[in-house]
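> Following this line is data_15.tsv, made up of TSV, C-alpha atoms:
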chain	number	residue	atom	x	y	z
V	1	MET	CA	-71.25	-77.92	51.61
V	2	ASN	CA	-72.73	-75.64	48.94
V	3	PRO	CA	-75.31	-77.79	47.07
V	4	VAL	CA	-74.95	-75.70	43.91
V	5	THR	CA	-71.22	-76.27	43.50
V	6	GLN	CA	-70.47	-79.48	45.45
V	7	ASN	CA	-70.05	-81.61	42.31
V	8	ARG	CA	-68.00	-79.04	40.45
V	9	ARG	CA	-64.23	-78.79	40.28
V	10	HIS	CA	-62.69	-76.92	43.21
V	11	TYR	CA	-59.41	-75.05	43.74
V	12	GLU	CA	-57.55	-78.32	44.35
V	13	ASP	CA	-58.58	-79.65	40.92
V	14	LEU	CA	-57.13	-76.76	38.88
V	15	SER	CA	-53.61	-76.53	37.54
V	16	VAL	CA	-51.47	-73.74	36.12
V	17	GLY	CA	-51.19	-73.98	32.34
V	18	GLU	CA	-54.65	-75.48	31.87
V	19	VAL	CA	-56.16	-74.07	28.65
V	20	VAL	CA	-59.91	-73.46	28.23
V	21	ASP	CA	-61.28	-73.24	24.68
V	22	LEU	CA	-63.79	-70.38	24.42
V	23	GLY	CA	-65.39	-71.47	21.12
V	24	HIS	CA	-66.67	-68.85	18.66
V	25	THR	CA	-69.28	-66.11	18.85
V	26	ALA	CA	-70.57	-64.40	15.70
V	27	VAL	CA	-71.09	-60.65	16.15
V	28	SER	CA	-73.98	-59.19	14.15
V	29	LYS	CA	-74.93	-55.58	13.40
V	30	GLU	CA	-78.07	-55.99	15.55
V	31	MET	CA	-76.01	-57.21	18.53
V	32	ILE	CA	-73.59	-54.27	18.21
V	33	ILE	CA	-76.33	-51.64	18.00
V	34	SER	CA	-78.41	-53.18	20.80
V	35	PHE	CA	-75.47	-53.27	23.25
V	36	ALA	CA	-74.32	-49.78	22.24
V	37	ARG	CA	-77.80	-48.30	22.79
V	38	GLU	CA	-77.81	-49.57	26.35
V	39	PHE	CA	-74.19	-49.15	27.46
V	40	ASP	CA	-72.00	-47.33	24.90
V	41	PRO	CA	-74.00	-44.94	22.67
V	42	PHE	CA	-71.04	-43.35	20.85
V	43	PRO	CA	-72.00	-42.66	17.21
V	44	PHE	CA	-69.17	-44.98	16.04
V	45	HIS	CA	-70.97	-47.95	17.68
V	46	LEU	CA	-74.45	-47.00	16.40
V	47	ASP	CA	-74.17	-45.51	12.93
V	48	GLU	CA	-72.30	-46.90	9.92
V	49	ASP	CA	-71.40	-43.51	8.40
V	50	ALA	CA	-70.14	-42.10	11.70
V	51	ALA	CA	-68.19	-45.33	12.27
V	52	ARG	CA	-66.47	-45.11	8.85
V	53	ALA	CA	-65.33	-41.57	9.66
V	54	SER	CA	-63.98	-42.59	13.10
V	55	LEU	CA	-60.73	-44.21	14.23
V	56	LEU	CA	-62.52	-47.60	14.04
V	57	GLY	CA	-63.02	-47.34	10.24
V	58	GLY	CA	-66.44	-49.05	10.29
V	59	LEU	CA	-69.23	-50.23	12.57
V	60	ALA	CA	-67.51	-52.06	15.42
V	61	SER	CA	-68.63	-53.48	18.75
V	62	SER	CA	-68.12	-51.64	22.01
V	63	GLY	CA	-64.98	-52.96	23.70
V	64	TRP	CA	-67.17	-53.69	26.72
V	65	GLN	CA	-69.37	-55.87	24.49
V	66	THR	CA	-66.33	-57.79	23.22
V	67	ALA	CA	-65.43	-58.33	26.88
V	68	ALA	CA	-68.98	-59.30	27.91
V	69	LEU	CA	-69.30	-61.81	25.03
V	70	SER	CA	-65.94	-63.33	25.95
V	71	LEU	CA	-67.03	-63.53	29.59
V	72	ARG	CA	-70.17	-65.36	28.48
V	73	THR	CA	-68.13	-68.06	26.77
V	74	LEU	CA	-65.78	-68.24	29.78
V	75	GLY	CA	-68.83	-68.76	32.01
V	76	ASP	CA	-70.23	-71.55	29.86
V	77	SER	CA	-66.94	-73.38	29.41
V	78	PHE	CA	-65.21	-72.76	32.75
V	79	LEU	CA	-66.72	-70.58	35.51
V	80	ASN	CA	-69.96	-72.62	35.64
V	81	THR	CA	-67.96	-75.86	35.87
V	82	ILE	CA	-65.93	-74.82	38.94
V	83	ALA	CA	-66.86	-73.66	42.46
V	84	SER	CA	-66.52	-70.01	41.42
V	85	MET	CA	-67.09	-67.39	44.12
V	86	GLY	CA	-67.13	-64.41	41.74
V	87	GLY	CA	-64.62	-62.13	40.06
V	88	LEU	CA	-62.08	-59.89	41.80
V	89	GLY	CA	-61.35	-57.78	38.73
V	90	PHE	CA	-58.86	-57.74	35.89
V	91	SER	CA	-55.74	-55.99	34.65
V	92	ASP	CA	-54.01	-55.11	31.39
V	93	LEU	CA	-57.16	-55.24	29.30
V	94	LYS	CA	-56.11	-54.30	25.76
V	95	TRP	CA	-58.52	-53.73	22.88
V	96	LYS	CA	-56.11	-54.47	20.05
V	97	LYS	CA	-58.33	-54.37	16.97
V	98	PRO	CA	-61.97	-53.37	16.46
V	99	VAL	CA	-64.50	-56.22	16.20
V	100	MET	CA	-66.45	-55.40	13.03
V	101	VAL	CA	-69.95	-56.44	11.90
V	102	GLY	CA	-69.83	-60.08	10.76
V	103	ASP	CA	-66.68	-60.95	12.69
V	104	SER	CA	-66.57	-64.12	14.77
V	105	ILE	CA	-64.60	-63.95	18.00
V	106	GLY	CA	-63.19	-66.75	20.09
V	107	GLY	CA	-60.00	-67.81	21.76
V	108	THR	CA	-58.60	-69.28	24.92
V	109	ALA	CA	-58.30	-68.69	28.64
V	110	THR	CA	-55.16	-70.07	30.25
V	111	ILE	CA	-54.68	-70.51	34.00
V	112	ALA	CA	-51.71	-68.23	34.73
V	113	SER	CA	-51.54	-68.66	38.50
V	114	LEU	CA	-53.25	-70.23	41.52
V	115	ARG	CA	-52.86	-69.09	45.10
V	116	ARG	CA	-54.67	-69.25	48.43
V	117	SER	CA	-56.36	-66.20	49.94
V	118	ARG	CA	-54.36	-64.95	52.93
V	119	HIS	CA	-57.43	-64.01	54.98
V	120	HIS	CA	-59.95	-66.68	53.96
V	121	PRO	CA	-58.58	-70.26	54.09
V	122	GLU	CA	-61.58	-71.58	52.11
V	123	ARG	CA	-60.83	-69.33	49.13
V	124	GLY	CA	-58.32	-69.57	46.31
V	125	ILE	CA	-57.55	-67.06	43.58
V	126	VAL	CA	-57.23	-68.21	39.98
V	127	GLN	CA	-55.73	-65.84	37.42
V	128	LEU	CA	-56.71	-66.41	33.79
V	129	ASP	CA	-55.06	-64.95	30.68
V	130	LEU	CA	-57.66	-64.33	27.98
V	131	ASP	CA	-56.53	-64.25	24.35
V	132	ILE	CA	-59.46	-63.32	22.11
V	133	ARG	CA	-59.07	-63.40	18.32
V	134	ASN	CA	-61.22	-62.82	15.24
V	135	GLN	CA	-61.91	-65.35	12.45
V	136	LYS	CA	-58.64	-64.34	10.76
V	137	GLY	CA	-56.69	-65.26	13.88
V	138	GLU	CA	-55.87	-61.62	14.62
V	139	PRO	CA	-55.79	-60.71	18.33
V	140	VAL	CA	-58.70	-58.37	19.20
V	141	MET	CA	-58.54	-58.34	23.02
V	142	SER	CA	-56.44	-59.68	25.86
V	143	MET	CA	-56.62	-59.33	29.64
V	144	ARG	CA	-55.72	-61.03	32.90
V	145	LEU	CA	-58.76	-61.91	35.03
V	146	ALA	CA	-58.74	-62.76	38.74
V	147	ASN	CA	-61.53	-65.00	40.09
V	148	LEU	CA	-62.23	-66.56	43.48
V	149	VAL	CA	-62.65	-70.33	43.65
V	150	GLU	CA	-63.63	-72.36	46.72
V	151	LEU	CA	-61.44	-75.07	48.25
V	152	ARG	CA	-63.00	-78.49	48.81
V	153	ASP	CA	-60.82	-78.86	51.91
V	154	PRO	CA	-60.16	-75.48	53.62
V	155	GLY	CA	-57.99	-77.34	56.17
V	156	LEU	CA	-55.39	-77.92	53.47
V	157	PRO	CA	-52.08	-76.42	54.65
V	158	MET	CA	-51.10	-73.16	52.94
V	159	GLU	CA	-48.43	-73.44	50.27
V	160	PRO	CA	-45.09	-71.99	51.42
V	161	ALA	CA	-44.74	-68.34	50.37
V	162	GLU	CA	-42.87	-67.91	47.09
J	1	MET	CA	-63.97	-35.59	28.25
J	2	THR	CA	-65.44	-34.04	25.13
J	3	ARG	CA	-63.00	-31.21	25.19
J	4	TRP	CA	-59.97	-30.85	23.03
J	5	PHE	CA	-56.98	-32.73	24.42
J	6	GLU	CA	-55.28	-29.39	25.16
J	7	ASP	CA	-58.23	-28.16	27.30
J	8	ILE	CA	-58.36	-31.14	29.66
J	9	THR	CA	-57.25	-30.32	33.20
J	10	ILE	CA	-55.48	-32.98	35.23
J	11	ASP	CA	-57.23	-34.02	38.48
J	12	GLU	CA	-60.50	-32.27	37.57
J	13	VAL	CA	-63.41	-34.26	39.07
J	14	PHE	CA	-66.42	-35.13	36.88
J	15	PRO	CA	-69.49	-36.48	38.72
J	16	LEU	CA	-71.13	-39.06	36.41
J	17	GLY	CA	-74.38	-39.54	38.35
J	18	SER	CA	-76.00	-42.57	39.99
J	19	HIS	CA	-77.82	-45.74	39.02
J	20	ASP	CA	-80.31	-47.84	41.00
J	21	PHE	CA	-79.80	-51.55	40.32
J	22	THR	CA	-82.99	-53.65	40.19
J	23	GLU	CA	-83.20	-57.42	40.58
J	24	ALA	CA	-84.70	-57.74	37.08
J	25	GLU	CA	-81.84	-55.96	35.31
J	26	ILE	CA	-79.17	-57.80	37.35
J	27	ILE	CA	-80.69	-61.13	36.24
J	28	ARG	CA	-81.09	-59.99	32.62
J	29	PHE	CA	-77.43	-58.94	32.31
J	30	GLY	CA	-76.36	-62.14	34.08
J	31	GLN	CA	-78.37	-64.34	31.72
J	32	LEU	CA	-76.87	-62.61	28.68
J	33	TYR	CA	-73.22	-62.32	29.71
J	34	ASP	CA	-72.38	-63.81	33.12
J	35	PRO	CA	-74.79	-66.65	33.95
J	36	GLN	CA	-73.21	-67.74	37.26
J	37	TYR	CA	-75.85	-68.82	39.81
J	38	PHE	CA	-75.29	-65.82	42.13
J	39	HIS	CA	-75.96	-63.44	39.20
J	40	VAL	CA	-79.11	-65.14	37.81
J	41	ASP	CA	-80.88	-67.22	40.50
J	42	PRO	CA	-81.95	-65.46	43.74
J	43	ASP	CA	-82.71	-68.78	45.52
J	44	ALA	CA	-79.51	-70.60	44.56
J	45	ALA	CA	-77.57	-67.39	45.34
J	46	LYS	CA	-78.47	-67.83	49.04
J	47	HIS	CA	-76.00	-70.77	49.10
J	48	SER	CA	-73.14	-68.55	47.88
J	49	HIS	CA	-70.85	-66.60	50.21
J	50	PHE	CA	-72.69	-63.46	49.01
J	51	GLY	CA	-75.84	-64.81	50.71
J	52	GLY	CA	-78.05	-63.53	47.87
J	53	LEU	CA	-78.21	-62.20	44.32
J	54	VAL	CA	-75.41	-59.81	43.28
J	55	ALA	CA	-74.74	-57.96	40.01
J	56	SER	CA	-71.96	-59.13	37.70
J	57	GLY	CA	-69.02	-56.76	38.11
J	58	TRP	CA	-69.12	-56.34	34.33
J	59	HIS	CA	-72.71	-55.11	34.62
J	60	THR	CA	-71.76	-52.44	37.19
J	61	VAL	CA	-68.84	-51.41	34.97
J	62	SER	CA	-70.94	-51.29	31.77
J	63	VAL	CA	-73.46	-49.02	33.52
J	64	GLY	CA	-70.57	-46.83	34.69
J	65	HIS	CA	-69.34	-46.61	31.10
J	66	ARG	CA	-72.83	-45.54	29.96
J	67	HIS	CA	-72.76	-42.78	32.56
J	68	MET	CA	-69.39	-41.61	31.27
J	69	VAL	CA	-70.64	-41.48	27.66
J	70	ASP	CA	-73.73	-39.51	28.76
J	71	ALA	CA	-71.47	-37.07	30.64
J	72	LEU	CA	-69.36	-36.60	27.50
J	73	PHE	CA	-72.48	-35.73	25.49
J	74	ALA	CA	-73.68	-33.35	28.22
J	75	GLU	CA	-70.30	-31.59	28.20
J	76	GLU	CA	-70.50	-31.32	24.40
J	77	GLU	CA	-73.94	-29.66	24.73
J	78	ARG	CA	-72.65	-27.31	27.44
J	79	LEU	CA	-69.70	-26.18	25.27
J	80	ARG	CA	-71.95	-25.62	22.24
J	81	SER	CA	-74.39	-23.59	24.34
J	82	LEU	CA	-71.44	-21.34	25.27
J	83	GLY	CA	-70.65	-20.92	21.58
J	84	LYS	CA	-67.52	-23.08	21.86
J	85	GLU	CA	-66.54	-25.97	19.64
J	86	PRO	CA	-66.39	-29.29	21.53
J	87	GLY	CA	-63.47	-31.69	21.08
J	88	VAL	CA	-63.63	-35.27	19.78
J	89	SER	CA	-63.53	-38.41	21.94
J	90	GLY	CA	-62.23	-41.62	20.40
J	91	PRO	CA	-62.46	-45.28	21.34
J	92	SER	CA	-60.46	-46.72	24.23
J	93	PRO	CA	-57.29	-48.77	23.80
J	94	GLY	CA	-57.73	-50.50	27.15
J	95	VAL	CA	-58.06	-50.69	30.92
J	96	ASN	CA	-54.96	-50.91	33.09
J	97	LYS	CA	-56.71	-52.03	36.25
J	98	MET	CA	-60.19	-52.94	37.47
J	99	GLU	CA	-60.85	-53.94	41.07
J	100	PHE	CA	-64.26	-55.18	42.16
J	101	LYS	CA	-64.36	-54.23	45.84
J	102	ALA	CA	-67.92	-54.77	47.12
J	103	PRO	CA	-70.91	-56.64	45.64
J	104	VAL	CA	-73.89	-54.70	44.23
J	105	ARG	CA	-77.25	-56.06	45.40
J	106	PRO	CA	-80.79	-55.36	44.16
J	107	GLY	CA	-81.88	-51.94	45.43
J	108	ASP	CA	-78.33	-50.58	45.71
J	109	ARG	CA	-77.61	-47.10	44.35
J	110	VAL	CA	-74.16	-46.75	42.79
J	111	THR	CA	-72.62	-43.30	42.23
J	112	TYR	CA	-69.83	-42.89	39.68
J	113	THR	CA	-67.06	-40.26	39.57
J	114	LEU	CA	-64.36	-39.75	36.92
J	115	VAL	CA	-60.99	-38.05	37.36
J	116	VAL	CA	-58.47	-37.47	34.54
J	117	THR	CA	-55.15	-38.32	36.22
J	118	GLY	CA	-52.80	-37.91	33.25
J	119	LYS	CA	-52.48	-37.27	29.52
J	120	ARG	CA	-49.93	-37.46	26.72
J	121	PRO	CA	-49.93	-37.35	22.89
J	122	SER	CA	-50.34	-40.80	21.29
J	123	ASN	CA	-47.17	-42.35	19.87
J	124	SER	CA	-49.04	-44.59	17.45
J	125	ILE	CA	-51.87	-42.37	16.17
J	126	PRO	CA	-50.82	-38.88	14.97
J	127	GLY	CA	-53.24	-36.12	15.93
J	128	TRP	CA	-54.63	-37.94	18.95
J	129	GLY	CA	-53.78	-37.91	22.64
J	130	LEU	CA	-54.20	-40.47	25.41
J	131	LEU	CA	-56.16	-39.68	28.57
J	132	PHE	CA	-55.60	-41.69	31.76
J	133	ASN	CA	-58.84	-41.75	33.73
J	134	THR	CA	-59.94	-43.28	37.01
J	135	ILE	CA	-63.57	-44.11	37.78
J	136	GLU	CA	-64.67	-44.69	41.38
J	137	ALA	CA	-68.02	-46.38	41.98
J	138	VAL	CA	-69.48	-46.02	45.49
J	139	ASN	CA	-72.74	-47.40	46.92
J	140	GLN	CA	-75.32	-45.65	49.14
J	141	ARG	CA	-73.40	-46.73	52.27
J	142	GLY	CA	-70.20	-45.10	51.03
J	143	GLU	CA	-68.56	-48.47	50.27
J	144	HIS	CA	-66.31	-48.64	47.22
J	145	VAL	CA	-67.89	-50.91	44.62
J	146	TYR	CA	-65.11	-50.72	42.06
J	147	HIS	CA	-61.98	-48.79	41.19
J	148	ALA	CA	-60.99	-48.52	37.51
J	149	GLU	CA	-57.95	-47.12	35.70
J	150	LEU	CA	-58.88	-46.57	32.07
J	151	VAL	CA	-57.26	-45.14	28.94
J	152	GLY	CA	-59.12	-43.11	26.30
J	153	PHE	CA	-58.32	-41.33	23.03
J	154	SER	CA	-58.96	-37.60	22.65
J	155	LYS	CA	-58.28	-35.51	19.54
J	156	LEU	CA	-55.66	-32.75	19.50
J	157	ARG	CA	-56.92	-29.33	18.41
J	158	ASP	CA	-53.55	-27.81	17.61
J	159	TYR	CA	-52.07	-30.75	15.73
J	160	LYS	CA	-50.27	-29.96	12.47
J	161	MET	CA	-49.55	-33.00	10.34
J	162	PRO	CA	-45.86	-33.17	9.30
J	163	LEU	CA	-45.28	-32.50	5.56
J	164	ARG	CA	-44.10	-36.09	4.95
J	165	LEU	CA	-47.36	-37.55	6.37
J	166	ARG	CA	-49.47	-35.01	4.47
J	167	LEU	CA	-47.80	-36.02	1.20
J	168	LEU	CA	-48.30	-39.72	1.95
J	169	THR	CA	-51.99	-39.16	2.77
J	170	ALA	CA	-52.46	-37.23	-0.48
J	171	LEU	CA	-50.73	-40.00	-2.46
J	172	THR	CA	-52.91	-42.76	-0.96
J	173	ARG	CA	-55.98	-40.84	-2.18
J	174	LEU	CA	-54.84	-41.41	-5.82
J	175	PRO	CA	-56.69	-44.60	-6.83
J	176	LEU	CA	-53.91	-46.73	-8.36
J	177	LEU	CA	-51.03	-45.54	-6.16
J	178	GLY	CA	-53.22	-45.83	-3.05
J	179	LYS	CA	-53.80	-49.51	-3.75
J	180	LEU	CA	-50.08	-50.10	-4.28
J	181	LEU	CA	-49.17	-48.26	-1.07
J	182	ALA	CA	-51.81	-50.12	0.95
J	183	ARG	CA	-50.42	-53.43	-0.37
J	184	SER	CA	-46.83	-52.58	0.46
J	185	GLY	CA	-47.83	-51.24	3.90
Transcribe the structure of this file into structure tokens.

Amino acid sequence: MNPVTQNRRHYEDLSVGEVVDLGHTAVSKEMIISFAREFDPFPFHLDEDAARASLLGGLASSGWQTAALSLRTLGDSFLNTIASMGGLGFSDLKWKKPVMVGDSIGGTATIASLRRSRHHPERGIVQLDLDIRNQKGEPVMSMRLANLVELRDPGLPMEPAE
Amino acid sequence: MTRWFEDITIDEVFPLGSHDFTEAEIIRFGQLYDPQYFHVDPDAAKHSHFGGLVASGWHTVSVGHRHMVDALFAEEERLRSLGKEPGVSGPSPGVNKMEFKAPVRPGDRVTYTLVVTGKRPSNSIPGWGLLFNTIEAVNQRGEHVYHAELVGFSKLRDYKMPLRLRLLTALTRLPLLGKLLARSG
């Protein structure tokens, strides 16, 4: 038994349709510039004049920052409350609208599917649909994440194939 | 890359360079964005199936993105030094697929490579094209760390705006009419 995760929810405790509230994160100019300097130094993430002249229309966060900030809230409200074994990746990530200075982003993660790993009986795969919106309720980013989660009882019979 | 949309060759390989991941930076990224115990606590991480500290996949990907941006700037410099005018890269509309394949541990060296696998003019933004890129990240043992399929915007050099759009753009520049048009749009 893993002492770090033994009292957390396991694969067996999750259900499709469960909705996780991701709260709200305010995005400041300092946050945008600091992330961009390290990971995404395009002028439209660093400089207000260059940003106004770009497709973004103003200083906006790196899409990777929008994703990282959303991941942070998902960690606090979900991944650190379950027996997570790490991420497998994601698909259909769409940056729908720029996140501008002063915006506040939040949203939900919904469990879209749950299945057992074929090769590792102690592992399950949870798929989560993220719907991230700004303070006006406009969608700014969506994606489908896949994460591994441990079974409490790996001896549990496999579900019949769909 | 920072070439005009028309000048981008399909299946051309762009080496993006390597990055050495240290324990300190893995923990720092984890604390900021992905504070799961196997990304932030080397002792607790021993209990995980990884058997030790590993980087958040989002950290490895963010570093890969930085390498791509640096390569775009380097290409821009190269074109200018040849007396050519570089193209314009835009923001990205999204990522079709991202697969984390092997964990990145402290001391690992990850090497990134980009290939443009397809391109087409944008349907929604006149004057811009879409590039379909893959990035492969490989560690020092030749193991694939991640595989990404990304989309990026690149400006068209030879684009001529249709007369109707040019008229509309000119009209929106008139103060009063511009406001009215923006409201009705």
> Which polymer residues have any atom within 8 Å of an atom of region 12-20 of chain J, counting only C-alpha atoms, with same-chain residues fewer than 3 positions away left out, as a PyMOL selection string?
chain J and resi 9+63-64+67-68+71+107-116
> Do me a favour and pick out the residues of chain V within 6 Å of chain J, using only C-alpha atoms, as a list in words.
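Close to chain J, chain V has Asn2, Phe39, Asp40, Ala68, Arg72, Leu88, Gly89, Phe90, Ser91, Asp92, Leu93, Lys94 and Trp95 of chain V.
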> Could you check how far CA of Asp13 (chain V) sits from CA of Gly124 (chain V), in Å to one decimal?
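Going from CA of Asp13 (chain V) over to CA of Gly124 (chain V) covers 11.4 Å.
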> Find the residues near region 109-113 of chain V: any atom within 6 Å, counting all atoms listed in the file, skip ones fewer than 5 places away on the same chain, and give them as a ChimeraX atom specification.
/V:16-20,126-130
> To one decimal place in Å, what is the distance between CA of Val101 (chain V) and CA of Gly63 (chain V)?
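Value for the CA of Val101 (chain V)-CA of Gly63 (chain V) distance: 13.3 Å.
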> So that I can check the surroundings of Glu159 (chain V), please list as a list of chain:residue names every protein, DNA and RNA residue that reaches within 12 Å of it, counting only C-alpha atoms and ignoring chain neighbours fewer than 4 positions away.
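In the requested form, the answer reads V:Glu12, V:Leu114, V:Arg115, V:Arg116, V:Ser117, V:Arg118, V:Pro121, V:Gly124, V:Gly155.
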> Suppose you want the space between CA of Lys97 (chain V) and CA of Glu75 (chain J); what is it in Å?
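Separation of CA of Lys97 (chain V) and CA of Glu75 (chain J): 28.1 Å.
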> From the set V:Ala36, V:Leu79, V:Ala51, V:Met143, which residue has the shortest atom-to-atom contact distance to Ala67 (chain V), counting all atoms listed in the file?
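For Ala67 (chain V), the nearest of the candidates is V:Met143.
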> Closest to Glu136 (chain J) among J:Gly87, J:Arg3, J:Thr60, J:Glu76, using all atoms listed in the file?
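Ranking J:Gly87, J:Arg3, J:Thr60, J:Glu76 by distance to Glu136 (chain J), first place goes to J:Thr60.
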> I need every residue sitting at most 10 Å from the point (-64.1, -75.0, 44.5) (coordinates as in the file, all atoms listed in the file considered), written as number ranges by chain.
V: 2, 5-14, 81-85, 122-124, 148-154
